[in-house]
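Shown below: target_39.txt, with compact mmCIF, C-alpha atoms.
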# COMPACT_ATOMS: atom_id res chain seq x y z
CA MET A 1 113.84 58.46 -59.26
CA LEU A 2 112.16 59.64 -62.48
CA SER A 3 113.57 58.79 -65.88
CA GLU A 4 114.26 61.47 -68.46
CA LEU A 5 111.12 60.48 -70.33
CA GLU A 6 109.01 60.70 -67.20
CA TRP A 7 110.40 64.12 -66.37
CA ALA A 8 109.55 65.25 -69.89
CA VAL A 9 105.97 64.00 -69.56
CA VAL A 10 105.53 65.53 -66.09
CA GLY A 11 107.08 68.80 -67.23
CA LEU A 12 104.81 68.98 -70.25
CA SER A 13 101.74 68.13 -68.16
CA LEU A 14 102.54 70.86 -65.64
CA LYS A 15 103.24 73.37 -68.40
CA VAL A 16 99.99 72.56 -70.22
CA SER A 17 97.90 72.59 -67.02
CA LEU A 18 99.43 75.79 -65.71
CA ALA A 19 98.89 77.55 -69.04
CA ALA A 20 95.32 76.26 -69.19
CA VAL A 21 94.52 77.55 -65.69
CA LEU A 22 96.16 80.95 -66.26
CA LEU A 23 94.33 81.30 -69.57
CA THR A 24 90.98 80.35 -68.06
CA LEU A 25 91.24 82.20 -64.74
CA PRO A 26 90.19 85.71 -65.91
CA VAL A 27 87.58 84.36 -68.34
CA ALA A 28 86.09 82.04 -65.71
CA TYR A 29 86.01 84.77 -63.07
CA GLY A 30 84.32 87.18 -65.48
CA LEU A 31 81.70 84.58 -66.39
CA ALA A 32 81.22 83.63 -62.73
CA TRP A 33 80.67 87.29 -61.84
CA LEU A 34 78.16 87.77 -64.66
CA LEU A 35 76.23 84.64 -63.67
CA ALA A 36 76.30 85.54 -59.96
CA ARG A 37 75.55 89.25 -60.12
CA ARG A 38 73.74 90.13 -63.32
CA ARG A 39 70.32 89.32 -64.66
CA PHE A 40 69.99 89.65 -68.40
CA PRO A 41 68.12 87.90 -71.20
CA GLY A 42 70.01 84.84 -72.32
CA ILE A 43 71.63 84.21 -68.95
CA VAL A 44 70.24 80.65 -68.88
CA LEU A 45 71.71 80.00 -72.30
CA LEU A 46 75.10 81.39 -71.23
CA ASP A 47 74.98 79.23 -68.10
CA ALA A 48 74.22 76.17 -70.21
CA LEU A 49 76.99 76.96 -72.70
CA VAL A 50 79.53 77.32 -69.87
CA HIS A 51 78.48 73.94 -68.49
CA LEU A 52 78.48 72.19 -71.87
CA PRO A 53 82.04 70.79 -71.66
CA LEU A 54 81.03 69.13 -68.39
CA VAL A 55 78.21 67.11 -69.94
CA VAL A 56 79.18 66.68 -73.60
CA PRO A 57 81.52 63.73 -74.38
CA PRO A 58 85.08 65.13 -74.33
CA VAL A 59 85.63 63.71 -77.82
CA VAL A 60 82.86 65.98 -79.07
CA THR A 61 84.45 69.00 -77.39
CA GLY A 62 87.73 68.02 -79.05
CA TRP A 63 85.99 67.70 -82.40
CA LEU A 64 84.37 71.14 -81.98
CA LEU A 65 87.78 72.61 -81.18
CA LEU A 66 89.12 70.94 -84.32
CA VAL A 67 86.34 72.46 -86.40
CA LEU A 68 86.97 75.91 -84.95
CA PHE A 69 90.72 75.95 -84.29
CA GLY A 70 92.07 73.29 -86.70
CA ARG A 71 94.24 74.40 -89.62
CA ASN A 72 91.14 74.59 -91.82
CA GLY A 73 88.90 75.76 -88.99
CA THR A 74 87.18 79.13 -88.96
CA ILE A 75 89.39 80.63 -86.27
CA GLY A 76 92.35 78.29 -86.81
CA ALA A 77 92.86 79.29 -90.47
CA TRP A 78 92.76 82.95 -89.52
CA LEU A 79 95.21 82.46 -86.63
CA GLU A 80 97.62 80.73 -88.98
CA SER A 81 97.43 83.27 -91.80
CA ALA A 82 97.47 86.33 -89.54
CA PHE A 83 99.92 85.27 -86.83
CA GLY A 84 101.43 81.99 -88.00
CA ILE A 85 99.99 80.24 -84.93
CA THR A 86 99.04 76.58 -85.22
CA LEU A 87 97.32 74.97 -82.25
CA VAL A 88 96.98 71.38 -83.47
CA PHE A 89 99.95 69.02 -82.84
CA ASN A 90 101.23 71.63 -80.42
CA TRP A 91 101.33 71.99 -76.62
CA THR A 92 99.31 75.22 -76.89
CA GLY A 93 96.53 73.16 -78.46
CA ALA A 94 96.65 70.75 -75.51
CA ALA A 95 96.45 73.78 -73.19
CA LEU A 96 93.42 75.14 -75.06
CA ALA A 97 91.64 71.77 -74.85
CA ALA A 98 92.41 71.53 -71.11
CA ALA A 99 91.27 75.14 -70.59
CA VAL A 100 87.88 74.54 -72.23
CA MET A 101 87.36 71.36 -70.20
CA ALA A 102 88.37 73.10 -66.95
CA LEU A 103 86.18 76.16 -67.52
CA PRO A 104 82.88 74.86 -66.09
CA LEU A 105 84.49 73.60 -62.87
CA MET A 106 86.31 76.89 -62.36
CA VAL A 107 83.20 78.97 -63.06
CA ARG A 108 81.14 76.89 -60.61
CA ALA A 109 83.59 77.30 -57.73
CA MET A 110 84.06 81.02 -58.32
CA ARG A 111 80.37 81.71 -58.83
CA LEU A 112 79.51 80.18 -55.45
CA SER A 113 82.08 82.31 -53.67
CA ILE A 114 80.98 85.51 -55.45
CA GLU A 115 77.36 84.79 -54.54
CA ALA A 116 78.50 84.39 -50.94
CA VAL A 117 79.91 87.94 -50.87
CA ASP A 118 77.27 90.14 -49.26
CA ARG A 119 76.14 92.71 -51.83
CA ARG A 120 75.38 95.09 -49.01
CA LEU A 121 79.12 95.34 -48.33
CA VAL A 122 79.55 96.51 -51.91
CA ASP A 123 76.79 99.09 -51.32
CA ALA A 124 78.64 100.26 -48.20
CA ALA A 125 81.83 100.68 -50.21
CA ARG A 126 79.97 102.67 -52.87
CA SER A 127 78.46 105.01 -50.28
CA LEU A 128 81.96 105.57 -48.87
CA GLY A 129 83.14 106.89 -52.22
CA ALA A 130 84.28 103.81 -54.14
CA ASN A 131 83.22 103.55 -57.77
CA ARG A 132 82.11 100.19 -59.17
CA TRP A 133 85.62 99.09 -60.06
CA ARG A 134 87.18 100.01 -56.76
CA ALA A 135 84.35 98.40 -54.82
CA PHE A 136 84.89 95.26 -56.87
CA ALA A 137 88.66 95.28 -56.39
CA THR A 138 88.58 95.97 -52.64
CA ILE A 139 85.49 94.00 -51.56
CA THR A 140 84.21 91.38 -54.02
CA LEU A 141 87.59 90.23 -55.30
CA PRO A 142 89.37 89.67 -51.96
CA LEU A 143 86.29 88.14 -50.33
CA SER A 144 85.88 85.67 -53.20
CA MET A 145 89.56 84.65 -53.05
CA PRO A 146 88.79 81.20 -51.57
CA GLY A 147 86.62 80.48 -54.61
CA ILE A 148 89.36 81.63 -56.94
CA ALA A 149 91.84 79.30 -55.20
CA ALA A 150 89.35 76.44 -55.24
CA GLY A 151 88.49 77.04 -58.88
CA ALA A 152 92.13 77.25 -59.90
CA THR A 153 92.94 73.97 -58.13
CA LEU A 154 89.98 72.14 -59.56
CA GLY A 155 90.85 73.49 -62.99
CA PHE A 156 94.48 72.48 -62.57
CA ALA A 157 93.57 68.95 -61.47
CA ARG A 158 91.05 68.65 -64.30
CA SER A 159 93.69 69.84 -66.79
CA LEU A 160 96.22 67.29 -65.51
CA GLY A 161 93.68 64.57 -66.19
CA GLU A 162 92.38 65.88 -69.52
CA PHE A 163 92.39 63.15 -72.18
CA GLY A 164 89.53 62.97 -74.68
CA ALA A 165 89.42 66.51 -75.99
CA THR A 166 93.22 66.70 -76.08
CA ILE A 167 93.79 63.53 -78.07
CA THR A 168 91.00 64.47 -80.49
CA PHE A 169 92.05 68.07 -81.03
CA ALA A 170 95.78 68.25 -80.41
CA SER A 171 96.57 64.57 -81.07
CA ASN A 172 99.04 62.34 -79.19
CA LEU A 173 102.48 63.62 -80.04
CA ALA A 174 105.45 62.82 -77.77
CA GLY A 175 107.04 65.97 -76.35
CA GLN A 176 104.25 68.22 -77.67
CA THR A 177 100.83 66.98 -76.58
CA ARG A 178 101.57 63.68 -74.79
CA THR A 179 100.63 64.66 -71.24
CA LEU A 180 100.39 62.16 -68.37
CA PRO A 181 97.06 60.56 -69.33
CA LEU A 182 98.08 60.33 -72.98
CA ALA A 183 101.43 58.80 -72.03
CA ILE A 184 99.62 56.23 -69.87
CA TYR A 185 97.27 55.47 -72.76
CA SER A 186 100.24 55.10 -75.15
CA GLY A 187 101.95 52.78 -72.66
CA LEU A 188 98.87 50.59 -72.57
CA GLN A 189 99.01 50.21 -76.36
CA VAL A 190 102.44 48.53 -76.37
CA PRO A 191 103.31 45.24 -74.66
CA GLY A 192 105.86 45.26 -71.80
CA ALA A 193 105.22 48.84 -70.59
CA GLU A 194 103.25 47.82 -67.48
CA GLU A 195 105.82 49.20 -65.07
CA GLN A 196 106.03 52.46 -66.99
CA VAL A 197 102.24 52.79 -66.89
CA ALA A 198 102.13 52.10 -63.15
CA ARG A 199 104.84 54.67 -62.45
CA LEU A 200 103.06 57.34 -64.50
CA ALA A 201 99.76 56.55 -62.80
CA VAL A 202 101.32 56.97 -59.35
CA ILE A 203 102.91 60.25 -60.42
CA SER A 204 99.59 61.60 -61.63
CA ILE A 205 97.85 60.60 -58.38
CA LEU A 206 100.58 62.31 -56.33
CA LEU A 207 100.42 65.47 -58.44
CA SER A 208 96.65 65.76 -58.08
CA LEU A 209 96.85 65.15 -54.34
CA ALA A 210 99.56 67.79 -53.99
CA ALA A 211 97.42 70.29 -55.92
CA LEU A 212 94.43 69.69 -53.63
CA LEU A 213 96.49 69.97 -50.44
CA LEU A 214 98.21 73.13 -51.68
CA SER A 215 94.92 74.86 -52.39
CA GLU A 216 93.45 73.78 -49.06
CA TRP A 217 96.47 75.29 -47.37
CA LEU A 218 96.24 78.50 -49.42
CA VAL A 219 92.54 78.94 -48.65
CA ARG A 220 92.99 78.35 -44.94
CA ARG A 221 95.86 80.79 -44.84
CA SER A 222 93.93 83.54 -46.66
CA ALA A 223 90.43 83.02 -45.29
CA GLY A 224 90.93 81.48 -41.86
CA ARG A 225 90.52 77.97 -40.51
CA ARG A 226 86.80 77.70 -41.21
CA ALA A 227 87.20 78.04 -44.98
CA HIS A 228 87.96 75.01 -47.07
CA VAL A 229 88.10 73.76 -50.63
CA LEU A 230 87.72 70.04 -50.00
CA MET B 1 66.47 123.85 -46.95
CA PHE B 2 68.40 120.87 -45.54
CA PHE B 3 66.16 118.11 -46.79
CA GLU B 4 63.91 118.15 -49.84
CA ILE B 5 62.75 114.63 -50.54
CA SER B 6 59.81 113.67 -52.66
CA LEU B 7 59.67 110.17 -53.99
CA ARG B 8 57.46 107.41 -55.22
CA HIS B 9 58.71 103.86 -55.33
CA ARG B 10 57.03 100.55 -55.94
CA ILE B 11 58.14 97.55 -53.84
CA GLY B 12 56.22 94.43 -54.80
CA ASP B 13 52.53 95.27 -54.64
CA ARG B 14 53.01 98.24 -52.30
CA GLU B 15 53.70 101.80 -53.28
CA LEU B 16 55.89 103.95 -51.07
CA VAL B 17 55.07 107.64 -51.29
CA PHE B 18 57.14 110.03 -49.23
CA ASP B 19 57.39 113.80 -49.08
CA LEU B 20 59.62 115.77 -46.76
CA ALA B 21 60.80 119.33 -46.71
CA SER B 22 62.73 120.09 -43.54
CA ASP B 23 65.00 122.86 -42.39
CA GLU B 24 65.98 121.06 -39.20
CA PRO B 25 69.60 119.79 -39.34
CA LEU B 26 68.55 116.69 -37.44
CA THR B 27 65.35 115.32 -38.92
CA ALA B 28 63.95 111.95 -37.93
CA ILE B 29 61.66 109.58 -39.81
CA VAL B 30 59.71 107.17 -37.61
CA GLY B 31 57.52 104.30 -38.65
CA VAL B 32 56.84 100.66 -38.01
CA SER B 33 59.26 98.16 -39.47
CA GLY B 34 58.47 97.46 -43.09
CA ALA B 35 57.09 100.96 -43.65
CA GLY B 36 59.95 101.75 -46.04
CA LYS B 37 62.29 103.81 -43.86
CA THR B 38 65.45 102.09 -45.03
CA THR B 39 64.18 102.29 -48.62
CA ILE B 40 64.11 106.08 -48.26
CA LEU B 41 67.67 106.16 -46.92
CA ASN B 42 68.83 103.89 -49.76
CA CYS B 43 67.25 106.27 -52.26
CA VAL B 44 68.97 109.26 -50.65
CA ALA B 45 72.31 107.41 -50.66
CA GLY B 46 71.87 106.45 -54.31
CA LEU B 47 71.88 102.70 -53.62
CA LEU B 48 68.31 102.43 -54.86
CA ARG B 49 66.76 104.34 -57.72
CA PRO B 50 63.24 105.52 -56.90
CA ASP B 51 60.64 105.13 -59.63
CA GLU B 52 60.17 108.88 -59.62
CA GLY B 53 60.80 111.94 -57.51
CA ARG B 54 63.41 114.45 -56.49
CA ILE B 55 66.00 114.35 -53.71
CA ALA B 56 68.04 117.36 -52.68
CA ILE B 57 70.19 117.72 -49.56
CA ALA B 58 71.47 121.11 -48.39
CA GLY B 59 70.68 122.62 -51.75
CA GLU B 60 72.36 120.00 -53.92
CA THR B 61 70.14 117.91 -56.13
CA LEU B 62 71.13 114.24 -55.94
CA PHE B 63 68.27 112.77 -57.90
CA ASP B 64 65.59 114.25 -60.13
CA ASN B 65 63.98 112.04 -62.68
CA ALA B 66 62.27 115.04 -64.33
CA SER B 67 65.63 116.53 -65.32
CA GLY B 68 67.51 113.23 -65.52
CA VAL B 69 69.82 113.92 -62.57
CA ASP B 70 71.05 110.76 -60.83
CA ILE B 71 74.38 111.21 -59.08
CA PRO B 72 76.14 107.87 -58.50
CA PRO B 73 76.41 106.81 -54.83
CA GLU B 74 80.18 107.33 -54.65
CA LYS B 75 79.76 111.01 -55.57
CA ARG B 76 76.85 111.81 -53.24
CA ARG B 77 79.07 112.08 -50.16
CA ALA B 78 76.53 110.40 -47.92
CA GLY B 79 77.76 109.30 -44.51
CA TYR B 80 75.53 106.24 -44.37
CA VAL B 81 75.56 104.30 -41.08
CA PHE B 82 73.70 101.09 -41.85
CA GLN B 83 71.63 99.33 -39.22
CA ASP B 84 73.77 96.23 -39.77
CA ALA B 85 76.93 98.42 -39.82
CA ARG B 86 78.45 96.51 -42.77
CA LEU B 87 82.02 96.74 -41.61
CA PHE B 88 84.32 95.02 -44.09
CA PRO B 89 85.06 91.63 -42.48
CA HIS B 90 88.44 91.19 -44.17
CA MET B 91 89.82 94.48 -42.88
CA LYS B 92 90.85 95.52 -39.39
CA VAL B 93 89.07 98.44 -37.73
CA ALA B 94 91.89 100.81 -38.76
CA ALA B 95 91.50 99.82 -42.42
CA ASN B 96 87.71 100.10 -42.20
CA LEU B 97 88.09 103.65 -40.86
CA ALA B 98 90.61 104.53 -43.57
CA TYR B 99 88.51 103.14 -46.43
CA GLY B 100 86.40 106.20 -47.16
CA GLU B 101 89.03 108.60 -45.87
CA LYS B 102 91.46 107.50 -48.58
CA LEU B 103 88.80 107.95 -51.26
CA ALA B 104 87.71 111.44 -50.16
CA ARG B 105 89.34 114.34 -51.92
CA GLY B 106 91.64 116.37 -49.68
CA GLY B 107 89.30 119.35 -49.47
CA ASP B 108 86.30 117.19 -48.65
CA ARG B 109 87.83 115.78 -45.47
CA TRP B 110 86.73 117.99 -42.64
CA ILE B 111 87.59 115.82 -39.65
CA SER B 112 90.82 114.09 -38.66
CA ARG B 113 91.20 110.44 -37.79
CA ASP B 114 92.46 111.35 -34.32
CA ARG B 115 89.39 113.49 -33.66
CA VAL B 116 87.03 110.71 -34.79
CA ILE B 117 88.83 108.09 -32.72
CA ASP B 118 88.70 110.39 -29.71
CA LEU B 119 85.05 111.35 -30.23
CA LEU B 120 83.91 107.73 -30.54
CA GLY B 121 86.34 106.22 -28.05
CA ILE B 122 87.52 103.51 -30.43
CA GLY B 123 91.28 103.91 -30.08
CA ASN B 124 91.67 100.51 -28.43
CA LEU B 125 89.87 98.70 -31.26
CA LEU B 126 92.06 99.66 -34.22
CA ALA B 127 93.97 96.39 -34.51
CA ARG B 128 90.87 94.16 -34.21
CA TYR B 129 88.79 92.52 -36.90
CA PRO B 130 85.04 93.34 -36.94
CA ALA B 131 84.21 89.75 -35.94
CA ASN B 132 85.82 90.46 -32.57
CA LEU B 133 83.78 93.58 -31.72
CA SER B 134 80.60 93.94 -29.65
CA GLY B 135 77.41 95.34 -31.17
CA GLY B 136 77.98 98.81 -29.74
CA GLU B 137 81.61 98.84 -30.85
CA VAL B 138 80.64 97.81 -34.38
CA ARG B 139 78.20 100.70 -34.61
CA ARG B 140 80.68 103.26 -33.31
CA VAL B 141 83.28 102.12 -35.84
CA ALA B 142 80.65 102.35 -38.59
CA ILE B 143 79.89 105.95 -37.57
CA GLY B 144 83.61 106.73 -37.54
CA ARG B 145 84.07 105.21 -40.98
CA ALA B 146 81.20 107.32 -42.33
CA LEU B 147 82.49 110.56 -40.73
CA LEU B 148 85.98 110.02 -42.14
CA SER B 149 84.70 109.68 -45.70
CA GLY B 150 84.12 113.44 -45.72
CA PRO B 151 80.32 113.35 -45.92
CA ARG B 152 78.08 116.35 -46.63
CA PHE B 153 75.30 114.73 -44.62
CA LEU B 154 74.65 111.70 -42.40
CA LEU B 155 72.10 108.91 -42.76
CA LEU B 156 71.58 106.96 -39.52
CA ASP B 157 69.50 103.79 -39.76
CA GLU B 158 68.17 102.73 -36.34
CA PRO B 159 71.32 103.84 -34.50
CA MET B 160 69.99 102.78 -31.07
CA ALA B 161 68.32 99.52 -32.04
CA SER B 162 69.54 96.31 -30.39
CA LEU B 163 71.72 98.21 -27.90
CA ASP B 164 71.05 97.81 -24.18
CA ALA B 165 69.73 100.86 -22.29
CA GLY B 166 73.17 102.07 -21.19
CA ARG B 167 74.74 101.80 -24.62
CA ALA B 168 71.68 103.35 -26.28
CA GLU B 169 72.08 106.35 -24.00
CA ILE B 170 75.75 106.68 -24.94
CA MET B 171 74.79 106.49 -28.62
CA ARG B 172 72.14 109.19 -28.06
CA GLN B 173 74.73 111.46 -26.45
CA LEU B 174 77.07 110.79 -29.34
CA ILE B 175 74.43 111.79 -31.89
CA GLU B 176 73.75 114.96 -29.87
CA GLN B 177 77.44 115.69 -29.95
CA ILE B 178 77.60 115.14 -33.72
CA ARG B 179 74.54 117.38 -34.10
CA ASP B 180 75.92 120.20 -31.94
CA GLU B 181 79.65 120.06 -32.65
CA LEU B 182 79.84 118.93 -36.25
CA ALA B 183 76.64 120.63 -37.50
CA LEU B 184 76.09 118.01 -40.18
CA PRO B 185 72.64 117.62 -41.77
CA THR B 186 71.46 114.27 -40.43
CA LEU B 187 68.53 112.12 -41.41
CA LEU B 188 67.75 109.59 -38.71
CA VAL B 189 65.42 106.64 -39.02
CA SER B 190 63.83 104.85 -36.08
CA HIS B 191 60.88 102.64 -35.19
CA ASP B 192 60.61 104.32 -31.78
CA ARG B 193 59.25 107.87 -31.62
CA ALA B 194 60.13 108.36 -27.94
CA GLU B 195 63.72 107.43 -28.70
CA VAL B 196 64.26 110.22 -31.21
CA GLU B 197 62.04 113.01 -29.90
CA ARG B 198 64.75 114.33 -27.63
CA LEU B 199 67.27 114.33 -30.47
CA ALA B 200 65.51 115.51 -33.57
CA GLY B 201 64.34 119.02 -34.31
CA ARG B 202 61.64 117.52 -36.46
CA VAL B 203 60.04 114.09 -36.44
CA VAL B 204 57.97 112.92 -39.39
CA SER B 205 56.07 109.67 -39.38
CA LEU B 206 55.80 107.24 -42.20
CA ASP B 207 52.81 104.97 -42.42

Would you write out, as structure tokens, the structure that this file holds?
Amino acid sequence: MLSELEWAVVGLSLKVSLAAVLLTLPVAYGLAWLLARRRFPGIVLLDALVHLPLVVPPVVTGWLLLVLFGRNGTIGAWLESAFGITLVFNWTGAALAAAVMALPLMVRAMRLSIEAVDRRLVDAARSLGANRWRAFATITLPLSMPGIAAGATLGFARSLGEFGATITFASNLAGQTRTLPLAIYSGLQVPGAEEQVARLAVISILLSLAALLLSEWLVRRSAGRRAHVL
Amino acid sequence: MFFEISLRHRIGDRELVFDLASDEPLTAIVGVSGAGKTTILNCVAGLLRPDEGRIAIAGETLFDNASGVDIPPEKRRAGYVFQDARLFPHMKVAANLAYGEKLARGGDRWISRDRVIDLLGIGNLLARYPANLSGGEVRRVAIGRALLSGPRFLLLDEPMASLDAGRAEIMRQLIEQIRDELALPTLLVSHDRAEVERLAGRVVSLD
């Protein structure tokens, strides 16, 4: 079936994508909630900033990450001196790049589902004795679960496919940052790797398809047959 | 005094001004739709903050902008039965009933689940989801949920609206029963004066 090298690439891709989604999930949900439920000055700017990775060339996002989180970057230098953490040339850097690129898609899906939760149900919960947090945890959160599942899947699929920001920020290092798309790109650079490239491409299609089907199944199971992600 | 409500609230280009001092345990507010009846209930429940005024129920001040009192909705102990019921769609009837009951402090609960289920005749609905209930059933469950949250007073928003004549009569009897047996201060809102005159000790109109 899969060669050792392919397993390594798939394993790394899954690890990077999973880490990216887990890292982004709470941040994206918090942003989605703010954008859906709060009105404050600067909300349009925040909305635009969240969407930026969707419209800016990924190379630029990667460059920005390099400026901020590189070894000489503002945050990167501090991370290294204070905690000894280096993100460049490292799978955690690939995960950060994937997380930033996945953020807008995750926020969009979650925001829609939070907006769809009737605020009047939250009011009902409050009048029954629930404080803000409990009303959120028992009403808004469970009723927006389909959006969380959809957002997580989209984010996961986007992370599996992340290329530009990753190669710019974390570079293309076998075993560390060479995820599926980067391995395909590397294969295309050397003659005679056509079969390898084709195999990796099929794997990445199958993985993405599996992610979509899994989330569709999860959403239907939690929210009934009418709900769907696709 | 059961109800001392005096409030002023701006909605769009209209100003709602309302004053009520009533010693009748069941007081009704009637008015055409859009007159601001639900707005008043929302202010009493703490879901809407009036621009100014004072709200006190059975001697306890819930809101007073002069002295800066504004008790959050979860601490007002309002048994609010919304016109659209607002049962939680992802919970079965049993869980809807238990929602406020679990949150009420032990001493604040004054009625048992069995008594509520018996009073409202909803024992056969417990395992159903709200989507599978009729309009009358939904409203009875909403009343049960409110009673079980250990309320100090009830707010009923159009409790008979959109029920057929038979079911409206049952609802009326139920409200009489709550009035006579549970002796709970109740503020009832309706668009139909005839509907509430039999029930309420005092009817005020809002125009």

Interface residues on chain B facing chain A, 6 Å, only C-alpha atoms, written as a PyMOL selection string: chain B and resi 73-74+86+100+103+149

Same residues, C-alpha atoms, output as a PDB file, in the frame of the given file:
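Full text of result-v8.pdb as output:
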ATOM      1  CA  PRO B  73      76.410 106.810 -54.830  1.00  0.00           C
ATOM      2  CA  GLU B  74      80.180 107.330 -54.650  1.00  0.00           C
ATOM      3  CA  ARG B  86      78.450  96.510 -42.770  1.00  0.00           C
ATOM      4  CA  GLY B 100      86.400 106.200 -47.160  1.00  0.00           C
ATOM      5  CA  LEU B 103      88.800 107.950 -51.260  1.00  0.00           C
ATOM      6  CA  SER B 149      84.700 109.680 -45.700  1.00  0.00           C
TER       7      SER B 149
END

Residue nearest Phe156 (chain A) among A:Ile114, A:Leu105, A:Ile85, A:Leu182 (counting all atoms listed in the file): A:Leu105

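The spacing separating CA of Ala35 (chain B) from CA of Asp207 (chain B) amounts to 6.0 Å.
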
Region 172-181 of chain B environment, 8 Å, all atoms listed in the file, sequence neighbours closer than 6 positions dropped, as a list in words: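 Near neighbours after the sequence-gap exclusion: Pro25, Leu26, Leu120, Met160 and Leu199 of chain B.
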
Interatomic distance (Å, one decimal) between CA of Phe136 (chain A) and CA of Gly150 (chain B):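 Going from CA of Phe136 (chain A) over to CA of Gly150 (chain B), I get 21.3 Å.
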
List the neighbours of Gly73 (chain A) out to 12 Å using only C-alpha atoms; skip same-chain residues closer than 5 positions along the sequence, and give me the result as a short mmCIF file (atom, residue, chain, number, x, y, z; two decimals) with C-alpha atoms, keeping the file's coordinate frame.
data_model
loop_
_atom_site.label_atom_id
_atom_site.label_comp_id
_atom_site.auth_asym_id
_atom_site.auth_seq_id
_atom_site.Cartn_x
_atom_site.Cartn_y
_atom_site.Cartn_z
CA TRP A 63 85.99 67.70 -82.40
CA LEU A 64 84.37 71.14 -81.98
CA LEU A 65 87.78 72.61 -81.18
CA LEU A 66 89.12 70.94 -84.32
CA VAL A 67 86.34 72.46 -86.40
CA LEU A 68 86.97 75.91 -84.95
CA TRP A 78 92.76 82.95 -89.52
CA LEU A 79 95.21 82.46 -86.63
CA GLU A 80 97.62 80.73 -88.98
CA SER A 81 97.43 83.27 -91.80
CA THR A 86 99.04 76.58 -85.22
CA LEU A 87 97.32 74.97 -82.25
CA VAL A 88 96.98 71.38 -83.47
CA PHE A 169 92.05 68.07 -81.03
#

Atom pair CA of Ser134 (chain B) / CA of Val116 (chain B): separation (Å):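 Value for the CA of Ser134 (chain B)-CA of Val116 (chain B) distance: 18.7 Å.
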
Selection: 8 Å around Val107 (chain A), all atoms listed in the file, excl. self and same-chain fewer than 2 positions, as an MDAnalysis selection string: chainID A and resid 28:29 31:32 50 103:105 109:111 151

Exercise: Gly123 (chain B) partners within 12 Å, all atoms listed in the file, chain neighbours under 3 positions left out, as number ranges by chain: B: 93-94, 97, 113-120, 126-128, 137, 140-141, 144

Best match for closeness to Arg152 (chain B) among B:Gly136, B:Gly53, B:Pro185, B:Gly59, counting all atoms listed in the file: B:Pro185

Work out where the centre of an axis-aligned box around every listed atom of region 123-130 of chain B lies and how long its edges are once 5 Å is added on each side; give both in Å to one decimal as lines of an AutoDock Vina configuration file.
center_x = 89.5
center_y = 98.2
center_z = -32.7
size_x = 18.9
size_y = 21.4
size_z = 18.5

Sphere at (93.2, 69.9, -55.2), radius 6 Å, counting all atoms listed in the file: residues as a list of chain:residue names: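 Checked against the point, the hits come out as A:Thr153, A:Leu154, A:Ala211, A:Leu212, A:Leu213, A:Ser215.
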
From A:Leu49, A:Val10, A:Leu54, A:Val21, residue lying nearest Ile184 (chain A) [all atoms listed in the file]: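 Distance minimum relative to Ile184 (chain A) lands on A:Val10.
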
Best match for closeness to Gly31 (chain B) among B:Ala200, B:Leu188, B:Ala98, B:Leu125, counting all atoms listed in the file: B:Leu188

Please provide the set of residues having any atom within 12 Å of Gly68 (chain B), restricted to only C-alpha atoms, with same-chain residues fewer than 6 positions apart removed, written as a PDB file with C-alpha atoms, keeping the file's coordinate frame.
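The new file result_7.pdb reads:
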ATOM      1  CA  ARG B  49      66.760 104.340 -57.720  1.00  0.00           C
ATOM      2  CA  GLU B  52      60.170 108.880 -59.620  1.00  0.00           C
ATOM      3  CA  GLY B  53      60.800 111.940 -57.510  1.00  0.00           C
ATOM      4  CA  ARG B  54      63.410 114.450 -56.490  1.00  0.00           C
ATOM      5  CA  ILE B  55      66.000 114.350 -53.710  1.00  0.00           C
ATOM      6  CA  THR B  61      70.140 117.910 -56.130  1.00  0.00           C
ATOM      7  CA  LEU B  62      71.130 114.240 -55.940  1.00  0.00           C
TER       8      LEU B  62
END

Expected answer as a ChimeraX atom specification: all residues with atoms within 12 Å of (75.7, 83.5, -53.9), all atoms listed in the file: /A:32-38,108-119,140,144,147

For region 130-136 of chain A, supply N, CA and C atoms and format the output as a PDB file, in the coordinates of the input.
ATOM      1  N   ALA A 130      83.614 104.693 -53.185  1.00  0.00           N
ATOM      2  CA  ALA A 130      84.280 103.810 -54.140  1.00  0.00           C
ATOM      3  C   ALA A 130      83.401 103.646 -55.384  1.00  0.00           C
ATOM      4  N   ASN A 131      83.992 103.823 -56.557  1.00  0.00           N
ATOM      5  CA  ASN A 131      83.220 103.550 -57.770  1.00  0.00           C
ATOM      6  C   ASN A 131      83.104 102.031 -57.942  1.00  0.00           C
ATOM      7  N   ARG A 132      82.357 101.624 -58.976  1.00  0.00           N
ATOM      8  CA  ARG A 132      82.110 100.190 -59.170  1.00  0.00           C
ATOM      9  C   ARG A 132      83.385  99.364 -59.173  1.00  0.00           C
ATOM     10  N   TRP A 133      84.393  99.870 -59.902  1.00  0.00           N
ATOM     11  CA  TRP A 133      85.620  99.090 -60.060  1.00  0.00           C
ATOM     12  C   TRP A 133      86.373  98.951 -58.751  1.00  0.00           C
ATOM     13  N   ARG A 134      86.451 100.071 -58.025  1.00  0.00           N
ATOM     14  CA  ARG A 134      87.180 100.010 -56.760  1.00  0.00           C
ATOM     15  C   ARG A 134      86.450  99.125 -55.753  1.00  0.00           C
ATOM     16  N   ALA A 135      85.124  99.244 -55.741  1.00  0.00           N
ATOM     17  CA  ALA A 135      84.350  98.400 -54.820  1.00  0.00           C
ATOM     18  C   ALA A 135      84.572  96.925 -55.160  1.00  0.00           C
ATOM     19  N   PHE A 136      84.628  96.637 -56.462  1.00  0.00           N
ATOM     20  CA  PHE A 136      84.890  95.260 -56.870  1.00  0.00           C
ATOM     21  C   PHE A 136      86.284  94.817 -56.415  1.00  0.00           C
TER      22      PHE A 136
END
